$ cat protein.tsv   # TSV, C-alpha atoms
chain	number	residue	atom	x	y	z
A	268	MET	CA	-48.60	-16.73	-43.13
A	269	SER	CA	-46.63	-19.98	-43.21
A	270	GLU	CA	-45.25	-19.41	-39.70
A	271	PHE	CA	-48.72	-18.50	-38.43
A	272	SER	CA	-50.19	-21.69	-39.89
A	273	ALA	CA	-47.31	-23.82	-38.57
A	274	CYS	CA	-47.94	-22.62	-35.01
A	275	PHE	CA	-51.57	-23.70	-35.01
A	276	LEU	CA	-51.00	-26.86	-37.05
A	277	LEU	CA	-48.84	-28.20	-34.24
A	278	VAL	CA	-51.95	-28.81	-32.12
A	279	PHE	CA	-52.79	-31.81	-34.34
A	280	GLY	CA	-49.39	-33.34	-33.68
A	281	GLN	CA	-49.71	-32.71	-29.96
A	282	LEU	CA	-53.11	-34.41	-29.88
A	283	ALA	CA	-51.74	-37.44	-31.71
A	284	PHE	CA	-48.74	-37.93	-29.41
A	285	GLY	CA	-50.64	-37.09	-26.23
A	286	GLY	CA	-53.38	-39.50	-27.24
A	287	VAL	CA	-50.88	-42.32	-27.68
A	288	VAL	CA	-49.62	-41.71	-24.15
A	289	GLY	CA	-53.18	-41.51	-22.83
A	290	LEU	CA	-53.98	-44.96	-24.25
A	291	ALA	CA	-51.41	-46.47	-21.87
A	292	VAL	CA	-53.21	-45.17	-18.78
A	293	PRO	CA	-56.31	-47.43	-18.57
A	294	PRO	CA	-55.58	-51.16	-18.08
A	295	PHE	CA	-55.52	-52.95	-21.43
A	296	GLU	CA	-56.89	-56.21	-20.03
A	297	VAL	CA	-60.03	-54.54	-18.66
A	298	LEU	CA	-61.18	-52.66	-21.76
A	299	ASP	CA	-62.44	-54.15	-24.98
A	300	ARG	CA	-59.93	-53.92	-27.80
A	301	GLY	CA	-62.47	-51.95	-29.85
A	302	PHE	CA	-61.85	-48.92	-27.64
A	303	TYR	CA	-58.17	-48.95	-28.49
A	304	ARG	CA	-58.84	-49.51	-32.19
A	305	SER	CA	-61.21	-46.56	-32.50
A	306	SER	CA	-59.21	-44.21	-30.26
A	307	ALA	CA	-55.83	-45.01	-31.80
A	308	GLY	CA	-57.41	-44.59	-35.23
A	309	ILE	CA	-58.55	-41.07	-34.30
A	310	PHE	CA	-55.08	-40.16	-33.06
A	311	LEU	CA	-53.55	-41.61	-36.23
A	312	GLY	CA	-55.87	-39.38	-38.25
A	313	SER	CA	-54.69	-36.38	-36.25
A	314	ALA	CA	-51.04	-37.29	-36.94
A	315	VAL	CA	-51.72	-37.70	-40.66
A	316	ALA	CA	-53.53	-34.32	-40.68
A	317	PHE	CA	-50.47	-32.68	-39.14
A	318	LEU	CA	-48.09	-34.36	-41.60
A	319	GLY	CA	-50.27	-33.46	-44.57
A	320	GLY	CA	-50.54	-29.87	-43.39
A	321	LYS	CA	-46.79	-29.63	-42.87
A	322	ILE	CA	-46.09	-30.94	-46.36
A	323	ALA	CA	-48.63	-28.48	-47.80
A	324	LEU	CA	-46.90	-25.56	-46.05
A	325	ILE	CA	-43.50	-26.66	-47.35
A	326	THR	CA	-44.90	-27.04	-50.87
A	327	ARG	CA	-46.47	-23.61	-50.69
A	328	ALA	CA	-43.19	-22.09	-49.54
A	329	GLY	CA	-41.38	-23.71	-52.46
A	330	HIS	CA	-38.29	-24.51	-50.41
A	331	LEU	CA	-37.31	-27.61	-48.45
A	332	GLY	CA	-34.74	-26.86	-45.76
A	333	VAL	CA	-32.81	-29.40	-43.76
A	334	ALA	CA	-34.96	-28.82	-40.66
A	335	ASP	CA	-38.15	-29.23	-42.70
A	336	ALA	CA	-36.89	-32.47	-44.20
A	337	VAL	CA	-35.95	-33.91	-40.80
A	338	GLU	CA	-39.31	-32.89	-39.35
A	339	VAL	CA	-41.23	-34.54	-42.18
A	340	VAL	CA	-39.17	-37.74	-41.83
A	341	LEU	CA	-39.78	-37.91	-38.07
A	342	TRP	CA	-43.52	-37.33	-38.35
A	343	THR	CA	-43.74	-39.83	-41.19
A	344	ALA	CA	-42.00	-42.39	-38.98
A	345	PHE	CA	-44.51	-41.64	-36.22
A	346	CYS	CA	-47.46	-42.07	-38.59
A	347	VAL	CA	-46.07	-45.39	-39.85
A	348	ALA	CA	-45.38	-46.66	-36.32
A	349	LEU	CA	-48.82	-45.61	-35.11
A	350	GLY	CA	-50.43	-47.19	-38.17
A	351	LEU	CA	-48.63	-50.46	-37.37
A	352	TYR	CA	-49.87	-50.22	-33.78
A	353	VAL	CA	-53.44	-49.77	-34.96
A	354	ALA	CA	-53.03	-52.79	-37.23
A	355	SER	CA	-51.59	-54.84	-34.35
A	356	LEU	CA	-54.82	-54.34	-32.41
A	357	TRP	CA	-56.48	-56.80	-34.81
A	358	SER	CA	-53.90	-59.48	-34.01
A	359	ASP	CA	-53.43	-61.64	-30.94
A	360	SER	CA	-49.71	-60.96	-30.64
A	361	ASN	CA	-49.00	-59.11	-27.41
A	362	GLN	CA	-45.36	-58.76	-28.41
A	363	ARG	CA	-46.26	-57.03	-31.67
A	364	ARG	CA	-48.59	-54.61	-29.88
A	365	ALA	CA	-45.94	-53.79	-27.30
A	366	ARG	CA	-43.25	-53.19	-29.90
A	367	THR	CA	-45.38	-51.04	-32.18
A	368	TYR	CA	-46.71	-49.04	-29.23
A	369	LEU	CA	-43.17	-48.36	-28.00
A	370	ALA	CA	-42.14	-47.36	-31.52
A	371	SER	CA	-45.12	-44.99	-31.70
A	372	PHE	CA	-44.22	-43.42	-28.38
A	373	LEU	CA	-40.53	-42.95	-29.19
A	374	THR	CA	-41.01	-41.64	-32.72
A	375	GLY	CA	-43.82	-39.34	-31.56
A	376	LEU	CA	-41.67	-37.96	-28.76
A	377	ALA	CA	-38.78	-37.37	-31.17
A	378	ALA	CA	-41.02	-35.72	-33.77
A	379	LEU	CA	-42.80	-33.40	-31.34
A	380	SER	CA	-39.53	-32.46	-29.62
A	381	PHE	CA	-37.89	-31.62	-32.94
A	382	SER	CA	-40.90	-29.53	-34.02
A	383	ALA	CA	-40.65	-27.63	-30.74
A	384	LEU	CA	-36.98	-26.87	-31.37
A	385	THR	CA	-37.81	-25.19	-34.68
A	386	PHE	CA	-39.50	-22.39	-32.70
A	387	ARG	CA	-36.91	-21.94	-29.97
A	388	LEU	CA	-35.17	-18.70	-29.10
A	389	GLY	CA	-31.44	-18.45	-28.36
A	390	GLY	CA	-29.82	-20.02	-25.31
A	391	PRO	CA	-28.93	-23.66	-24.61
A	392	VAL	CA	-31.60	-23.98	-21.92
A	393	SER	CA	-34.25	-23.52	-24.61
A	394	SER	CA	-33.24	-26.85	-26.17
A	395	VAL	CA	-34.74	-28.53	-23.12
A	396	LEU	CA	-37.54	-26.14	-22.22
A	397	TYR	CA	-39.24	-25.94	-25.60
A	398	PRO	CA	-39.70	-29.71	-26.05
A	399	LEU	CA	-40.72	-29.99	-22.38
A	400	ALA	CA	-43.38	-27.30	-22.83
A	401	PHE	CA	-44.86	-28.82	-25.98
A	402	VAL	CA	-44.78	-32.36	-24.62
A	403	SER	CA	-46.46	-31.36	-21.34
A	404	ALA	CA	-49.21	-29.61	-23.31
A	405	ALA	CA	-49.60	-32.68	-25.51
A	406	LEU	CA	-50.05	-34.91	-22.46
A	407	VAL	CA	-52.91	-32.74	-21.21
A	408	LEU	CA	-54.59	-32.66	-24.61
A	409	GLY	CA	-54.21	-36.40	-25.04
A	410	ALA	CA	-55.43	-37.17	-21.52
A	411	VAL	CA	-58.65	-35.19	-21.83
A	412	ALA	CA	-59.34	-36.52	-25.34
A	413	THR	CA	-58.82	-40.12	-24.24
A	414	GLY	CA	-61.03	-39.53	-21.21
A	415	MET	CA	-63.82	-38.21	-23.40
A	416	LEU	CA	-63.49	-41.17	-25.78
A	417	LEU	CA	-63.49	-43.64	-22.90
A	418	GLY	CA	-66.60	-42.02	-21.45
A	419	HIS	CA	-68.46	-42.87	-24.63
A	420	TRP	CA	-67.34	-46.48	-24.38
A	421	TYR	CA	-69.52	-46.88	-21.27
A	422	LEU	CA	-72.52	-46.67	-23.61
A	423	ILE	CA	-71.27	-49.84	-25.28
A	424	ASP	CA	-69.85	-51.79	-22.35
A	425	LEU	CA	-72.53	-51.29	-19.71
A	426	GLY	CA	-70.81	-53.48	-17.14
A	427	LEU	CA	-67.43	-51.75	-17.34
A	428	SER	CA	-65.84	-50.77	-14.03
A	429	ILE	CA	-65.54	-47.06	-13.34
A	430	GLU	CA	-61.84	-47.45	-12.40
A	431	PRO	CA	-60.44	-46.89	-15.94
A	432	LEU	CA	-62.22	-43.55	-16.24
A	433	GLU	CA	-61.12	-42.52	-12.75
A	434	ARG	CA	-57.55	-43.43	-13.63
A	435	LEU	CA	-57.67	-41.27	-16.76
A	436	LEU	CA	-59.12	-38.40	-14.75
A	437	ARG	CA	-56.23	-38.62	-12.27
A	438	TRP	CA	-53.75	-38.61	-15.16
A	439	PHE	CA	-55.49	-35.59	-16.69
A	440	LEU	CA	-55.27	-33.64	-13.43
A	441	VAL	CA	-51.64	-34.54	-12.83
A	442	ALA	CA	-50.71	-33.60	-16.40
A	443	THR	CA	-52.54	-30.25	-16.12
A	444	TRP	CA	-50.78	-29.30	-12.87
A	445	ALA	CA	-47.47	-30.34	-14.44
A	446	GLN	CA	-48.19	-28.18	-17.48
A	447	LEU	CA	-48.81	-25.14	-15.27
A	448	ALA	CA	-45.49	-25.72	-13.52
A	449	VAL	CA	-43.70	-26.12	-16.86
A	450	LEU	CA	-45.27	-22.91	-18.21
A	451	ALA	CA	-44.03	-20.93	-15.21
A	452	LEU	CA	-40.57	-22.53	-15.34
A	453	THR	CA	-40.26	-21.97	-19.09
A	454	THR	CA	-41.19	-18.31	-18.87
A	455	ALA	CA	-38.68	-17.68	-16.08
A	456	LEU	CA	-35.74	-19.62	-17.51
A	457	VAL	CA	-36.15	-18.53	-21.13
A	458	GLY	CA	-36.18	-14.94	-19.91
A	459	LEU	CA	-32.97	-15.51	-17.97
A	460	GLY	CA	-31.26	-17.64	-20.62
A	461	SER	CA	-30.51	-15.02	-23.28
A	462	ASP	CA	-31.08	-11.41	-24.28
A	463	GLU	CA	-33.44	-12.62	-26.98
A	464	GLY	CA	-35.46	-14.58	-24.44
A	465	GLU	CA	-35.54	-11.66	-22.02
A	466	ALA	CA	-36.87	-9.41	-24.78
A	467	ALA	CA	-39.57	-11.97	-25.64
A	468	VAL	CA	-40.72	-12.26	-22.03
A	469	ALA	CA	-40.77	-8.46	-21.69
A	470	ARG	CA	-42.82	-8.19	-24.88
A	471	LEU	CA	-45.23	-10.83	-23.59
A	472	TRP	CA	-45.74	-9.02	-20.29
A	473	HIS	CA	-46.03	-5.49	-21.67
A	474	ASP	CA	-47.83	-6.08	-24.97
A	475	HIS	CA	-49.73	-9.34	-24.51
A	476	ARG	CA	-50.54	-9.53	-20.81
A	477	PRO	CA	-54.33	-9.87	-21.35
A	478	LEU	CA	-53.66	-12.69	-23.83
A	479	LEU	CA	-51.46	-14.49	-21.29
A	480	LEU	CA	-54.05	-14.17	-18.53
A	481	THR	CA	-56.80	-15.37	-20.85
A	482	ARG	CA	-54.66	-18.32	-21.89
A	483	VAL	CA	-54.22	-19.40	-18.24
A	484	ILE	CA	-57.81	-18.76	-17.13
A	485	LEU	CA	-59.59	-20.32	-20.11
A	486	GLY	CA	-57.00	-23.11	-20.42
A	487	PRO	CA	-55.46	-24.87	-17.40
A	488	ALA	CA	-57.57	-23.08	-14.77
A	489	ALA	CA	-60.86	-23.94	-16.48
A	490	ALA	CA	-59.64	-27.49	-17.16
A	491	LEU	CA	-58.81	-28.03	-13.48
A	492	ALA	CA	-62.25	-26.74	-12.50
A	493	MET	CA	-63.83	-29.22	-14.91
A	494	GLY	CA	-61.62	-31.94	-13.48
A	495	TYR	CA	-62.97	-31.22	-10.01
A	496	LEU	CA	-66.55	-31.47	-11.28
A	497	ILE	CA	-65.79	-34.71	-13.12
A	498	ARG	CA	-64.36	-36.20	-9.93
A	499	ARG	CA	-67.48	-35.26	-7.96
A	500	THR	CA	-69.68	-36.70	-10.72
A	501	LEU	CA	-67.83	-40.01	-10.78
A	502	ARG	CA	-68.42	-40.42	-7.05
A	503	ILE	CA	-72.19	-40.69	-7.69
A	504	PRO	CA	-71.24	-42.51	-10.04
A	505	GLN	CA	-72.62	-41.05	-13.27
A	506	THR	CA	-70.40	-41.77	-16.26
A	507	MET	CA	-72.54	-40.02	-18.87
A	508	ALA	CA	-72.58	-36.75	-16.96
A	509	ALA	CA	-68.83	-37.11	-16.49
A	510	THR	CA	-68.43	-37.61	-20.24
A	511	GLY	CA	-70.35	-34.40	-20.87
A	512	LEU	CA	-67.99	-32.58	-18.51
A	513	PHE	CA	-65.04	-34.09	-20.38
A	514	TYR	CA	-66.47	-32.38	-23.47
A	515	VAL	CA	-66.30	-29.04	-21.67
A	516	ALA	CA	-62.82	-29.87	-20.39
A	517	ILE	CA	-61.50	-30.68	-23.87
A	518	LEU	CA	-62.95	-27.39	-25.08
A	519	ALA	CA	-61.09	-25.55	-22.31
A	520	VAL	CA	-57.84	-27.34	-23.11
A	521	MET	CA	-58.21	-26.69	-26.83
A	522	VAL	CA	-58.97	-23.00	-26.32
A	523	GLY	CA	-55.95	-22.74	-24.06
A	524	GLU	CA	-53.72	-24.41	-26.65
A	525	MET	CA	-54.99	-22.16	-29.44
A	526	LEU	CA	-54.23	-19.10	-27.33
A	527	GLY	CA	-50.86	-20.61	-26.52
A	528	ARG	CA	-50.10	-21.02	-30.23
A	529	LEU	CA	-51.06	-17.36	-30.74
A	530	ILE	CA	-48.56	-16.42	-28.02
A	531	LEU	CA	-45.99	-18.61	-29.77
A	532	PHE	CA	-46.59	-16.78	-33.04
A	533	ARG	CA	-46.34	-13.34	-31.48
A	534	THR	CA	-43.48	-13.87	-29.03
A	535	SER	CA	-41.83	-17.25	-29.90
A	536	LEU	CA	-42.49	-18.38	-26.32
A	537	PRO	CA	-43.90	-21.92	-25.98
A	538	LEU	CA	-46.83	-21.11	-23.72
$ encode --input "protein.tsv" --output "structure tokens"
Amino acid sequence: MSEFSACFLLVFGQLAFGGVVGLAVPPFEVLDRGFYRSSAGIFLGSAVAFLGGKIALITRAGHLGVADAVEVVLWTAFCVALGLYVASLWSDSNQRRARTYLASFLTGLAALSFSALTFRLGGPVSSVLYPLAFVSAALVLGAVATGMLLGHWYLIDLGLSIEPLERLLRWFLVATWAQLAVLALTTALVGLGSDEGEAAVARLWHDHRPLLLTRVILGPAAALAMGYLIRRTLRIPQTMAATGLFYVAILAVMVGEMLGRLILFRTSLPL
């Protein structure tokens, strides 16, 4: 049960890190600082939820291993750095914001990469592929969440240019295509990297093929379709309709990630 919970809990950490990256996409000088305060606060809450859940799982297990201790330390560092970044948004120091944002990015990348390695199968190539797979998924989740949050900001700032939302949409589409490429690459190379990986890929294809197809269709494929509709809507331009489509897109991404975590639990493959 602990392993099952750990697989799905990771989505909160992915959202937090991906959201931090997403905040760097729209131009800071164009948007009101309130957008960054509220959005970064949401992503901080997601990071704290992951850390709290991880600590609860360790407490329930009654044993603290070295890997668990390192993971908790890294995610704690990320939460602290992100909290300092949120606090810096109330100050006028550009240097402080830049430093705390960089610290948030680096600690989040380290924490998510280490968490990915705790699931990896044998073979040295997995040490690269597992973090790459989880980070690419986090970028998609963060991009679509930030896009949805920014869409709501147009209700507050009625004169805001449409360019920030278009920029986030482009980032979301690029990240989704990159995730699809990483998923294909990961499946192929993990299967070739070790006997254990080959067995996992064979089990995925023979026992969980419908789950894999559903994960791709309801996840990246549906998200790309929503991205196309959002692009057409922004050409009108109609930001509120685009925000509604971002809601559907984040649902598609989240469903895809949940199915991916189920695949991770059943096969140990980071899809």
$ residues_near_point --input "protein.tsv" --point "(-39.9, -46.7, -29.5)" --cutoff "12 Å" --atoms "all atoms listed in the file" --output "PyMOL selection string"
chain A and resi 287+344-345+348-349+352+364-378
$ closest_residue --input "protein.tsv" --among "A:Leu384, A:Leu436, A:Val522, A:Ala334" --to "Tyr397 of chain A" --atoms "all atoms listed in the file"
A:Leu384
$ residues_around --input "protein.tsv" --residues "Pro294 of chain A" --least-positions-apart "5" --cutoff "12 Å" --atoms "all atoms listed in the file" --output "PyMOL selection string"
chain A and resi 289+299-300+302-303+417+427-435
$ residues_around --input "protein.tsv" --residues "segment 309-325 of chain A" --least-positions-apart "6" --cutoff "6 Å" --atoms "only C-alpha atoms" --output "list in words"
Phe279, Gly280 and Ala283 of chain A
$ residues_around --input "protein.tsv" --residues "Ile530 of chain A" --least-positions-apart "2" --cutoff "12 Å" --atoms "all atoms listed in the file" --output "PyMOL selection string"
chain A and resi 271+274-275+386+454+467-468+470-472+474-483+523-528+532-538
$ atom_distance --input "protein.tsv" --atom1 "atom CA of Leu356 of chain A" --atom2 "atom CA of Phe295 of chain A"
11.1 Å
$ atom_distance --input "protein.tsv" --atom1 "atom CA of Glu270 of chain A" --atom2 "atom CA of Ser380 of chain A"
17.5 Å
$ atom_distance --input "protein.tsv" --atom1 "atom CA of Leu276 of chain A" --atom2 "atom CA of Arg387 of chain A"
16.5 Å
$ residues_around --input "protein.tsv" --residues "Leu425 of chain A" --least-positions-apart "4" --cutoff "12 Å" --atoms "all atoms listed in the file" --output "ChimeraX atom specification"
/A:298-299,418-421,429,506-507
$ closest_residue --input "protein.tsv" --among "A:Gly464, A:Thr385, A:Ser358, A:Ala509" --to "Val333 of chain A" --atoms "all atoms listed in the file"
A:Thr385
$ decode --input "protein.tsv" --residues "segment 328-372 of chain A" --atoms "C-alpha atoms" --output "mmCIF file, in the first residue's frame"
data_model
loop_
_atom_site.group_PDB
_atom_site.id
_atom_site.type_symbol
_atom_site.label_atom_id
_atom_site.label_comp_id
_atom_site.auth_asym_id
_atom_site.auth_seq_id
_atom_site.Cartn_x
_atom_site.Cartn_y
_atom_site.Cartn_z
ATOM 1 C CA ALA A 328 6.102 2.229 7.549
ATOM 2 C CA GLY A 329 7.995 2.699 10.802
ATOM 3 C CA HIS A 330 11.389 2.712 9.099
ATOM 4 C CA LEU A 331 13.523 5.554 7.777
ATOM 5 C CA GLY A 332 16.001 4.392 5.152
ATOM 6 C CA VAL A 333 18.851 6.414 3.734
ATOM 7 C CA ALA A 334 16.989 7.044 0.472
ATOM 8 C CA ASP A 335 13.887 8.197 2.364
ATOM 9 C CA ALA A 336 15.954 10.567 4.488
ATOM 10 C CA VAL A 337 17.676 12.101 1.447
ATOM 11 C CA GLU A 338 14.349 12.485 -0.344
ATOM 12 C CA VAL A 339 12.761 14.247 2.627
ATOM 13 C CA VAL A 340 15.757 16.588 2.957
ATOM 14 C CA LEU A 341 15.661 17.503 -0.741
ATOM 15 C CA TRP A 342 11.926 18.173 -0.774
ATOM 16 C CA THR A 343 12.205 20.153 2.446
ATOM 17 C CA ALA A 344 14.907 22.287 0.823
ATOM 18 C CA PHE A 345 12.609 22.831 -2.164
ATOM 19 C CA CYS A 346 9.711 23.875 0.075
ATOM 20 C CA VAL A 347 11.939 26.307 1.977
ATOM 21 C CA ALA A 348 13.390 27.784 -1.227
ATOM 22 C CA LEU A 349 9.956 28.132 -2.795
ATOM 23 C CA GLY A 350 8.612 29.696 0.395
ATOM 24 C CA LEU A 351 11.433 32.251 0.293
ATOM 25 C CA TYR A 352 10.597 32.971 -3.352
ATOM 26 C CA VAL A 353 6.956 33.578 -2.467
ATOM 27 C CA ALA A 354 8.065 35.909 0.321
ATOM 28 C CA SER A 355 10.394 37.766 -2.072
ATOM 29 C CA LEU A 356 7.408 38.673 -4.245
ATOM 30 C CA TRP A 357 6.376 41.160 -1.546
ATOM 31 C CA SER A 358 9.747 42.908 -1.712
ATOM 32 C CA ASP A 359 11.223 45.219 -4.322
ATOM 33 C CA SER A 360 14.544 43.383 -4.530
ATOM 34 C CA ASN A 361 14.971 41.898 -7.994
ATOM 35 C CA GLN A 362 18.169 40.205 -6.864
ATOM 36 C CA ARG A 363 16.406 38.416 -4.021
ATOM 37 C CA ARG A 364 13.643 37.205 -6.333
ATOM 38 C CA ALA A 365 16.151 35.942 -8.870
ATOM 39 C CA ARG A 366 18.203 34.095 -6.268
ATOM 40 C CA THR A 367 15.256 32.468 -4.526
ATOM 41 C CA TYR A 368 13.690 31.490 -7.852
ATOM 42 C CA LEU A 369 16.945 29.860 -8.984
ATOM 43 C CA ALA A 370 17.201 28.063 -5.642
ATOM 44 C CA SER A 371 13.614 26.828 -6.048
ATOM 45 C CA PHE A 372 14.322 25.551 -9.537
#
